[in-house]
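What follows is a set of notes on a single structure, which appears directly below.
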Amino acid sequence: MSGRPRLLLEQIDLLVGDEDQKRRLKVIFSVLLGDLSVGEACERLSLGESRYYVLRQQVLEGALRSLSPQPAGRPRVVRETPDVAALRETQSELERELYQLRVREELFLALPRVLRERPMPSAVADEKGGSRAKRAAPVRGKRS
């Protein structure tokens, strides 16, 4: 049985990754295989026992997660049709408009007297003869 752990530890050397990460993984597996004690592993990794157990748990959970069944093939890419994109744009415009209307309603309910007594800026301009842009040029008589 002494050949088996060596083969496992040699497989770790073949993995692609940082050498320090490989060394840490080897130490953790050596403890799991019974070649090292937890104390020796903590000494080699310069860790306390509680940190070692956290690290070991992360390694085992990561290995377990990687073995869970995955759907075959590439993940499906859902492409949005132009109709759906247009609907999303319309939805966002309507949501903005609804928000603005709700704010106006809150202002109207909070300040009803102020809004009713003060004429709107466009109404003031109309009472004074309209704004400059709307004011018609004076009509001049024809000279004969």
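Numbering starts fresh at 1 for the residues of each chain in the structure tokens, the chains themselves are lettered A, B, ... in the order given, and ligands are numbered from 1 as they appear.
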
Contacts of Phe29 in chain A within 9 Å, only C-alpha atoms, excl. fewer than 3 positions in-chain, as JSON, numbers by chain: {"A": [5, 8, 9, 24, 25, 26, 32, 33, 34, 35, 36, 56]}

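Distances here use only C-alpha atoms; by that measure, the residue among A:Gln91, A:Gln11, A:Gln57, A:Ser50 closest to Ile28 in chain A is A:Gln57.
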